[in-house]
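Data block below; observations after.
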Amino acid sequence: MTESWMDGLLAWLALPQFGLSSVFLVSFISATLIPLGSEPVVYGMVKLRPDLFWETIAVATVGNTLGGVVDYWMGRGAEWILERRLNLDEHGLPMSPALATAGAATGKAPSKWHQRAVRWMERFGPFGCILSWLPGIGDPLCAVAGWLRLPFWKCLMWMAIGKCLRYLTMTAGLIWMF
């Protein structure tokens with residue numbers, strides 16, 4: 001029975017010297033603003049090395065959470081740059097963070113999604129970071145949390161909980177189904 005190239009690649013990535021570090025790297029990168037899914041790598045690792053289930057979930061959670069932290073600090077840095085560099089409106093008056101967020105410095109109106117994300121994060125605070133695992137909107141939620149200067153450690157805690165629950169349910173669900 002011949003082995004497909006994908007099976008060979010997964011087996012190579014699951015080698016002890018590459019397996020968990022590959023899971024960490026892919027999980028980290030997929031949590032930044034680069035669109036990449038880490039679930040196939042986590043599932044592949046667990047499928048090839050069932051004895052490393054909990055270690056794989058932990059490494060993926062840490063990597064993905066650290067990627068969310070990068071997003072948080074990117075949002076915070078962007079807010080800081082606008083506050084320091086572009087803090088005056090067209091009349092020379094101090095611009096509020098809400099106006100800066102709305103794109104007053106560029107003259108563009110904020111998108112509906114942007115307005116909803118900011119309102120949602122203002123309403124729920126750090127707890128909103130529990131949804132940082134959602135595809136497409138999770139990474140920007142972390143950036144919005146940084147932009148709004150929500151408490152870092154609380155945001156980190158909720159990010160980690162949400163991401164861990166995602167890896168647990170998705171990986172266990174895939175194993176159960178297949």
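A note on labels: chains of the structure tokens are A, B, ... as shown, every chain counts residues from 1, and ligands are counted from 1 in their shown order.
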
Give me the residues within 12 Å of Pro135 of chain A as a PDB file with N, CA and C atoms, in the first residue's frame, counting only C-alpha atoms and dropping any in the same chain fewer than 6 places off.
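Contents of out.pdb, freshly written:
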ATOM      1  N   SER A  30      -1.452  31.545  12.317  1.00  0.00           N
ATOM      2  CA  SER A  30      -2.870  31.612  11.956  1.00  0.00           C
ATOM      3  C   SER A  30      -3.655  32.568  12.847  1.00  0.00           C
ATOM      4  N   ALA A  31      -3.105  32.951  13.985  1.00  0.00           N
ATOM      5  CA  ALA A  31      -3.804  33.883  14.868  1.00  0.00           C
ATOM      6  C   ALA A  31      -3.452  35.333  14.566  1.00  0.00           C
ATOM      7  N   THR A  32      -2.453  35.563  13.752  1.00  0.00           N
ATOM      8  CA  THR A  32      -2.171  36.929  13.354  1.00  0.00           C
ATOM      9  C   THR A  32      -3.104  37.263  12.204  1.00  0.00           C
ATOM     10  N   LEU A  33      -2.891  38.366  11.572  1.00  0.00           N
ATOM     11  CA  LEU A  33      -3.800  38.791  10.516  1.00  0.00           C
ATOM     12  C   LEU A  33      -3.568  38.068   9.193  1.00  0.00           C
ATOM     13  N   ILE A  34      -2.709  37.034   9.217  1.00  0.00           N
ATOM     14  CA  ILE A  34      -2.466  36.214   8.029  1.00  0.00           C
ATOM     15  C   ILE A  34      -3.486  35.079   8.029  1.00  0.00           C
ATOM     16  N   PRO A  35      -4.289  34.953   6.991  1.00  0.00           N
ATOM     17  CA  PRO A  35      -5.301  33.897   6.992  1.00  0.00           C
ATOM     18  C   PRO A  35      -4.680  32.518   6.766  1.00  0.00           C
ATOM     19  N   LEU A  36      -4.709  31.718   7.789  1.00  0.00           N
ATOM     20  CA  LEU A  36      -4.174  30.371   7.729  1.00  0.00           C
ATOM     21  C   LEU A  36      -4.889  29.562   8.796  1.00  0.00           C
ATOM     22  N   GLY A  37      -5.350  28.388   8.452  1.00  0.00           N
ATOM     23  CA  GLY A  37      -6.054  27.551   9.425  1.00  0.00           C
ATOM     24  C   GLY A  37      -5.105  26.605  10.122  1.00  0.00           C
ATOM     25  N   SER A  38      -5.170  26.544  11.433  1.00  0.00           N
ATOM     26  CA  SER A  38      -4.292  25.656  12.188  1.00  0.00           C
ATOM     27  C   SER A  38      -4.957  24.327  12.528  1.00  0.00           C
ATOM     28  N   GLU A  39      -6.265  24.241  12.370  1.00  0.00           N
ATOM     29  CA  GLU A  39      -6.985  23.027  12.765  1.00  0.00           C
ATOM     30  C   GLU A  39      -6.502  21.779  12.023  1.00  0.00           C
ATOM     31  N   LEU A 141     -10.907  41.295  16.388  1.00  0.00           N
ATOM     32  CA  LEU A 141     -11.420  41.571  17.735  1.00  0.00           C
ATOM     33  C   LEU A 141     -10.273  41.801  18.713  1.00  0.00           C
ATOM     34  N   LYS A 163      -9.725  30.085  22.739  1.00  0.00           N
ATOM     35  CA  LYS A 163      -8.913  29.326  21.796  1.00  0.00           C
ATOM     36  C   LYS A 163      -8.748  27.877  22.251  1.00  0.00           C
ATOM     37  N   ARG A 166     -11.931  26.029  21.540  1.00  0.00           N
ATOM     38  CA  ARG A 166     -12.036  25.751  20.106  1.00  0.00           C
ATOM     39  C   ARG A 166     -11.229  24.523  19.728  1.00  0.00           C
TER      40      ARG A 166
END

If you count only C-alpha atoms, which residues fall within 10 Å of Ala160 of chain A, apart from same-chain ones fewer than 2 positions away, as a PDB file with C-alpha atoms, in the first residue's frame?
ATOM      1  CA  THR A  61      -3.552  27.090  22.446  1.00  0.00           C
ATOM      2  CA  VAL A  62      -0.350  28.817  23.549  1.00  0.00           C
ATOM      3  CA  GLY A  63       0.734  29.533  19.965  1.00  0.00           C
ATOM      4  CA  ASN A  64      -2.688  30.813  18.920  1.00  0.00           C
ATOM      5  CA  THR A  65      -3.032  32.927  22.067  1.00  0.00           C
ATOM      6  CA  LEU A  66       0.391  34.499  21.508  1.00  0.00           C
ATOM      7  CA  GLY A  68      -3.763  37.047  19.470  1.00  0.00           C
ATOM      8  CA  VAL A  69      -1.421  38.985  21.747  1.00  0.00           C
ATOM      9  CA  CYS A 129     -11.954  38.291  23.493  1.00  0.00           C
ATOM     10  CA  ILE A 130     -13.449  34.857  24.181  1.00  0.00           C
ATOM     11  CA  SER A 132     -11.055  35.560  19.299  1.00  0.00           C
ATOM     12  CA  TRP A 133     -11.154  32.019  17.898  1.00  0.00           C
ATOM     13  CA  LYS A 154      -8.058  40.018  31.217  1.00  0.00           C
ATOM     14  CA  CYS A 155      -8.063  40.016  27.415  1.00  0.00           C
ATOM     15  CA  LEU A 156      -5.271  37.432  27.438  1.00  0.00           C
ATOM     16  CA  MET A 157      -7.216  35.182  29.805  1.00  0.00           C
ATOM     17  CA  TRP A 158     -10.400  35.285  27.685  1.00  0.00           C
ATOM     18  CA  GLY A 162     -11.787  30.707  23.839  1.00  0.00           C
ATOM     19  CA  LYS A 163      -8.913  29.326  21.796  1.00  0.00           C
ATOM     20  CA  CYS A 164      -8.480  26.291  24.067  1.00  0.00           C
ATOM     21  CA  LEU A 165     -12.184  25.480  23.889  1.00  0.00           C
ATOM     22  CA  ARG A 166     -12.036  25.751  20.106  1.00  0.00           C
TER      23      ARG A 166
END

Next item on the list: Please provide as a PyMOL selection string all residues within 12 Å of Ile175 of chain A, with the sequence filter that same-chain residues fewer than 6 positions apart are discarded (counting only C-alpha atoms).
Entry: chain A and resi 39-40+42-48+50+53+167-169

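Minimum atom-to-atom distance to Met159 of chain A, evaluated using only C-alpha atoms, belongs to A:Phe127 out of A:Phe127, A:Phe28, A:Trp5, A:Trp176.
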
Hey, what's within 10 Å of Gly77 of chain A if we count only C-alpha atoms and toss same-chain stuff fewer than 4 positions away? As a short mmCIF file (atom, residue, chain, number, x, y, z; two decimals) with N, CA and C atoms, in the first residue's frame, please?
data_model
loop_
_atom_site.label_atom_id
_atom_site.label_comp_id
_atom_site.auth_asym_id
_atom_site.auth_seq_id
_atom_site.Cartn_x
_atom_site.Cartn_y
_atom_site.Cartn_z
N ASP A 71 -1.80 40.59 17.76
CA ASP A 71 -2.90 41.41 17.23
C ASP A 71 -3.29 42.50 18.22
N TYR A 72 -3.39 42.14 19.50
CA TYR A 72 -3.75 43.11 20.54
C TYR A 72 -2.75 44.28 20.53
N TRP A 73 -1.45 43.96 20.53
CA TRP A 73 -0.45 45.02 20.58
C TRP A 73 -0.36 45.80 19.27
N ILE A 81 -0.13 55.46 17.70
CA ILE A 81 0.40 56.26 16.59
C ILE A 81 -0.60 57.34 16.19
N LEU A 82 -1.87 56.96 16.05
CA LEU A 82 -2.87 57.97 15.68
C LEU A 82 -3.02 59.03 16.77
N GLU A 83 -2.98 58.59 18.01
CA GLU A 83 -3.14 59.55 19.11
C GLU A 83 -1.96 60.52 19.15
N ALA A 143 -7.33 42.96 17.92
CA ALA A 143 -6.75 44.27 17.58
C ALA A 143 -7.63 45.40 18.12
N GLY A 146 -7.02 45.89 21.76
CA GLY A 146 -5.81 46.69 21.99
C GLY A 146 -6.05 48.16 21.68
N TRP A 147 -6.77 48.42 20.58
CA TRP A 147 -7.08 49.79 20.19
C TRP A 147 -7.84 50.51 21.30
N ARG A 149 -7.70 49.88 24.34
CA ARG A 149 -6.90 49.81 25.57
C ARG A 149 -7.61 49.05 26.68
#

Checklist line | Which residue of A:Asp7, A:Phe124, A:Ile57, A:Gly136 approaches Met170 of chain A most closely, using only C-alpha atoms | finding: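 Nearest to Met170 of chain A: A:Ile57.
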
Note to self: Under the rule that only C-alpha atoms are counted, which of A:Ile29, A:Ala78, A:Met121, A:Ala58 is the nearest residue to Pro151 of chain A?
What the structure shows: A:Met121

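The nearest approach to Phe152 of chain A among the residues A:Ser4, A:Leu52, A:Gly125, A:Gly173, with only C-alpha atoms taken into account, belongs to A:Gly125.
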
Check: What does the distance from atom CA of Leu20 of chain A to atom CA of Ala60 of chain A come to in Å, to one decimal?
Finding: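 Atom-to-atom, atom CA of Leu20 of chain A to atom CA of Ala60 of chain A, that is 8.3 Å.
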
Item checked: Atom-to-atom span, atom CA of Pro126 of chain A and atom CA of Val59 of chain A, Å -> 22.9 Å
